[in-house]
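The structure under discussion appears below in the form of structure tokens.
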Number of protein chains: 2
Amino acid sequence: MSDKEISQAVIIRLPRYFRYLGELIDEGYERISSKELSERMHITASQVRQDLNLFGGFGQQGYGYNVKELHEEIGKILGLDRKHNLIIIGAGNLGQALANYMNFEKRGFLIKGIFDQYPERCNVNVRGLQIHSMNELETFIADNAIDIAVLTIPKSAALETSKRLVACGIGAIWNFAHVDLDVPENVVVENVHLSDSLMKLSYRFHCMKEQNEDL
Amino acid sequence: MSDKEISQAVIIRLPRYFRYLGELIDEGYERISSKELSERMHITASQVRQDLNLFGGFGQQGYGYNVKELHEEIGKILGLDRKHNLIIIGAGNLGQALANYMNFEKRGFLIKGIFDQYPERCNVNVRGLQIHSMNELETFIADNAIDIAVLTIPKSAALETSKRLVACGIGAIWNFAHVDLDVPENVVVENVHLSDSLMKLSYRFHCMKEQNEDL
């Protein structure tokens with residue numbers, strides 16, 4: 001199934017379905033109706049049915065969805081049934097936070113190494129992983145079949161580093177640097193621009209304050 | 001201007017305009033045409049004109065936009081001309097990373113305090129800020145006129161904590177916990193669901209691989 005066939009809006013919702021279905025499994029649910037799922041997720045039941053039909057429709061009328069099956073199927077669509085080898089570039093607080101987040105491993109994202117410009121300055125122990133020097137980047141990527149690089153470095157270093165990653169044939173970059181990377185079309189970039197998110201919060205906060213004052 | 005008058009899509013783009021205009025200022029630009037700006041941002045010039053017209057249109061035909069003025073105006077729309085008092089709840093790596101990110105202060109987001117369930121276990125020094133116990137939460141929010149709370153705590157603690165924040169009259173929550181909060185409509189929640197973002201990357205990565213294999 002190609003990226004183009006599924007709208008961006010549905011893709012954004014898929015991880016959320018996956019998360020809710022995971023919670024349902026933890027709570028012991030075996031089946032769930034589109035109505036019940038939609039109420040939990042604060043979306044409409046027809047939206048749920050429409051989204052899930054796109055992937056072949058796992059539901060049965062009057063019977064609902066098999067929670068475990070649906071969770072597995074969406075996991076497969078998201079590529080979570082496969083293993084991914086990750087490196088994190090930037091051993092600061094954010095890099096460490098991501099490296100220590102065990103749930104990523106559970107989903108098949110295996111952190112193989114952490115890199116920093118000044119490995120000797122990094123007084124950290126992240127799950128026993130050694131902090132590598134940036135000089136080792138190219139060799140390490142080749143030797144460890146790295147698919148995904150996570151960038152938690154300042155903007156100033158991100159552009160040059162992304163060029164090195166592209167030259168190594170890296171497939172995807174999870175970018176936390178506050179800059180839009182300029183990479184070829186066949187390299188997937190997923191941005192987490194935290195300051196953009198905070199500004200959006202600020203905007204909505206002030207709109208809300210003005211609305212409340214108008215009342 | 002109310003939230004309802006401006007589409008969500010435009011709001012998402014505003015911080016990006018703000019970021020690019022900030023870079024142009026740093027590079028010494030005084031004016032920029034919609035064409036030039038659009039090329040930098042990889043969107044169409046008509047999109048730029050349409051977006052910026054929504055806010056009163058700061059451009060002049062054949063003259064372009066005054067970069068500094070436009071940056072300031074968008075900053076005002078985003079509420080960045082005001083000061084916001086923040087607290088961070090959760091003194092782990094992610095909480096520390098956010099607390100140490102100086103650019104937030106530059107934009108008027110002042111981190112007044114950091115809270116943790118076990119402050120005595122936190123062997124951290126985040127810019128001289130004391131780590132407070134969760135018992136002090138309500139008093140601290142009232143005494144320091146806190147507007148925004150940042151949640152960097154596990155899912156299991158996030159729901160109860162968000163209820164306490166709402167009861168204190170907090171206006172906005174920047175939520176990094178992997179759960180959708182259930183708060184009243186007048187409380188703004190901006191989610192950063194990192195695992196959702198990583199799954200989206202995974203999905204797009206596999207679509208891209210399949211496309212490349214098809215070629």
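To be explicit about the labels: the chains of the structure tokens are called A, B, and onward in the order shown, and within each one the residues are counted from 1, while ligands get numbers from 1 in the order they are shown.
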
Running DSSP on the backbone, which parts of stretch 58-163 of chain A land in helix (DSSP H, G or I), as a compact mmCIF listing (two decimals) with N, CA and C atoms, in the first residue's frame?
```
# COMPACT_ATOMS: atom_id res chain seq x y z
N VAL A 67 -9.96 -6.99 19.27
CA VAL A 67 -9.00 -5.97 19.69
C VAL A 67 -7.56 -6.38 19.38
N LYS A 68 -7.24 -7.62 19.73
CA LYS A 68 -5.86 -8.08 19.55
C LYS A 68 -5.47 -8.15 18.07
N GLU A 69 -6.41 -8.68 17.26
CA GLU A 69 -6.16 -8.77 15.82
C GLU A 69 -5.96 -7.39 15.19
N LEU A 70 -6.84 -6.49 15.58
CA LEU A 70 -6.80 -5.14 15.01
C LEU A 70 -5.50 -4.44 15.41
N HIS A 71 -5.13 -4.63 16.68
CA HIS A 71 -3.87 -4.05 17.19
C HIS A 71 -2.68 -4.58 16.39
N GLU A 72 -2.71 -5.87 16.17
CA GLU A 72 -1.62 -6.48 15.40
C GLU A 72 -1.58 -5.99 13.96
N GLU A 73 -2.77 -5.90 13.34
CA GLU A 73 -2.84 -5.48 11.94
C GLU A 73 -2.33 -4.06 11.78
N ILE A 74 -2.78 -3.18 12.68
CA ILE A 74 -2.34 -1.78 12.58
C ILE A 74 -0.84 -1.70 12.85
N GLY A 75 -0.38 -2.51 13.81
CA GLY A 75 1.06 -2.59 14.07
C GLY A 75 1.84 -2.96 12.82
N LYS A 76 1.30 -3.94 12.06
CA LYS A 76 1.97 -4.35 10.81
C LYS A 76 1.98 -3.21 9.79
N ILE A 77 0.83 -2.54 9.67
CA ILE A 77 0.76 -1.42 8.73
C ILE A 77 1.79 -0.36 9.10
N ASN A 93 20.50 15.96 27.20
CA ASN A 93 19.34 15.49 27.96
C ASN A 93 18.28 14.84 27.08
N LEU A 94 18.01 15.47 25.93
CA LEU A 94 16.94 14.95 25.08
C LEU A 94 17.35 13.60 24.49
N GLY A 95 18.59 13.52 24.00
CA GLY A 95 19.09 12.25 23.48
C GLY A 95 19.02 11.15 24.53
N GLN A 96 19.40 11.50 25.76
CA GLN A 96 19.36 10.52 26.85
C GLN A 96 17.92 10.10 27.17
N ALA A 97 17.02 11.10 27.17
CA ALA A 97 15.62 10.79 27.46
C ALA A 97 15.09 9.77 26.46
N LEU A 98 15.39 9.99 25.19
CA LEU A 98 14.90 9.08 24.15
C LEU A 98 15.55 7.71 24.27
N ALA A 99 16.87 7.71 24.56
CA ALA A 99 17.60 6.46 24.67
C ALA A 99 17.08 5.61 25.83
N MET A 102 12.18 2.91 27.25
CA MET A 102 12.18 1.48 26.94
C MET A 102 11.08 1.08 25.96
N ASN A 103 9.99 1.85 25.93
CA ASN A 103 8.88 1.45 25.05
C ASN A 103 9.29 1.41 23.58
N PHE A 104 10.27 2.21 23.20
CA PHE A 104 10.70 2.18 21.82
C PHE A 104 11.26 0.80 21.48
N GLU A 105 12.04 0.24 22.38
CA GLU A 105 12.61 -1.11 22.16
C GLU A 105 11.48 -2.14 22.01
N LYS A 106 10.47 -1.97 22.86
CA LYS A 106 9.34 -2.89 22.85
C LYS A 106 8.65 -2.89 21.48
N PRO A 119 32.39 13.12 22.82
CA PRO A 119 32.02 11.96 23.64
C PRO A 119 32.71 11.97 25.00
N GLU A 120 33.90 12.55 25.05
CA GLU A 120 34.65 12.54 26.30
C GLU A 120 34.00 13.46 27.34
N ARG A 121 33.21 14.42 26.89
CA ARG A 121 32.53 15.32 27.82
C ARG A 121 31.24 14.73 28.37
N MET A 134 31.74 11.39 16.61
CA MET A 134 31.14 11.61 15.29
C MET A 134 32.04 11.11 14.16
N ASN A 135 33.33 10.93 14.47
CA ASN A 135 34.24 10.40 13.44
C ASN A 135 33.89 8.97 13.04
N GLU A 136 33.23 8.27 13.95
CA GLU A 136 32.91 6.86 13.70
C GLU A 136 31.57 6.68 12.97
N LEU A 137 30.89 7.80 12.69
CA LEU A 137 29.51 7.72 12.20
C LEU A 137 29.34 6.81 10.98
N GLU A 138 30.09 7.08 9.95
CA GLU A 138 29.90 6.35 8.68
C GLU A 138 30.17 4.84 8.84
N THR A 139 31.24 4.52 9.52
CA THR A 139 31.59 3.11 9.72
C THR A 139 30.51 2.40 10.54
N PHE A 140 30.09 3.05 11.61
CA PHE A 140 29.11 2.44 12.49
C PHE A 140 27.79 2.16 11.77
N ILE A 141 27.35 3.10 10.95
CA ILE A 141 26.09 2.94 10.22
C ILE A 141 26.17 1.73 9.29
N ALA A 142 27.30 1.63 8.60
CA ALA A 142 27.48 0.51 7.67
C ALA A 142 27.57 -0.82 8.43
N ASP A 143 28.34 -0.85 9.51
CA ASP A 143 28.58 -2.11 10.23
C ASP A 143 27.33 -2.61 10.96
N LYS A 155 20.60 23.18 15.91
CA LYS A 155 20.31 23.56 14.54
C LYS A 155 21.58 23.71 13.71
N SER A 156 22.58 24.34 14.29
CA SER A 156 23.81 24.68 13.55
C SER A 156 24.50 23.42 13.02
N ALA A 157 24.40 22.31 13.75
CA ALA A 157 25.09 21.09 13.34
C ALA A 157 24.19 20.16 12.53
N ALA A 158 22.90 20.43 12.54
CA ALA A 158 21.94 19.46 11.99
C ALA A 158 22.03 19.32 10.48
N LEU A 159 22.22 20.43 9.79
CA LEU A 159 22.23 20.37 8.32
C LEU A 159 23.40 19.55 7.81
N GLU A 160 24.58 19.84 8.34
CA GLU A 160 25.77 19.10 7.90
C GLU A 160 25.63 17.61 8.26
N THR A 161 25.16 17.34 9.47
CA THR A 161 25.01 15.95 9.90
C THR A 161 24.01 15.22 9.01
N SER A 162 22.91 15.89 8.64
CA SER A 162 21.91 15.23 7.80
C SER A 162 22.52 14.89 6.44
N LYS A 163 23.41 15.73 5.93
CA LYS A 163 24.07 15.44 4.65
C LYS A 163 24.92 14.18 4.77
```

Would you give me, as a tab-separated table, each residue of chain A having an atom within 6 Å of an atom of chain B, along with its shortest atom pair and that distance in Å to one decimal, using only C-alpha atoms and sorting by chain and residue number?
```
residue	atom	partner	partner_atom	distance
A:Ser2	CA	B:Cys207	CA	5.6
A:Asp3	CA	B:Cys207	CA	5.7
A:Pro15	CA	B:Asp196	CA	5.0
A:Leu78	CA	B:Tyr203	CA	4.3
A:Gly79	CA	B:Tyr203	CA	5.7
A:Asn93	CA	B:Ala97	CA	4.7
A:Leu94	CA	B:Ala97	CA	5.3
A:Ala97	CA	B:Asn93	CA	4.7
A:Val188	CA	B:Phe205	CA	6.0
A:Glu190	CA	B:Leu201	CA	5.7
A:Asp196	CA	B:Pro15	CA	5.1
A:Leu201	CA	B:Glu190	CA	5.7
A:Ser202	CA	B:Gly79	CA	5.9
A:Tyr203	CA	B:Leu78	CA	4.3
A:Phe205	CA	B:Val188	CA	6.0
A:Cys207	CA	B:Ser2	CA	5.6
```

*Can you check which residues of stretch 87-164 of chain A DSSP gives as strand (DSSP E or B) on the backbone and send them as a list in words?*
Ile87, Ile88, Ile89, Phe109, Leu110, Ile111, Lys112, Gly113, Ile114, Phe115, Asp116, Val126, Leu129, Ile131, His132, Ser133, Ile148, Ala149, Val150 and Leu151 of chain A

*Quick one: pull the distance between atom CA of A:Ser133 and atom CA of A:Ile146, Å, one decimal.*
16.2 Å
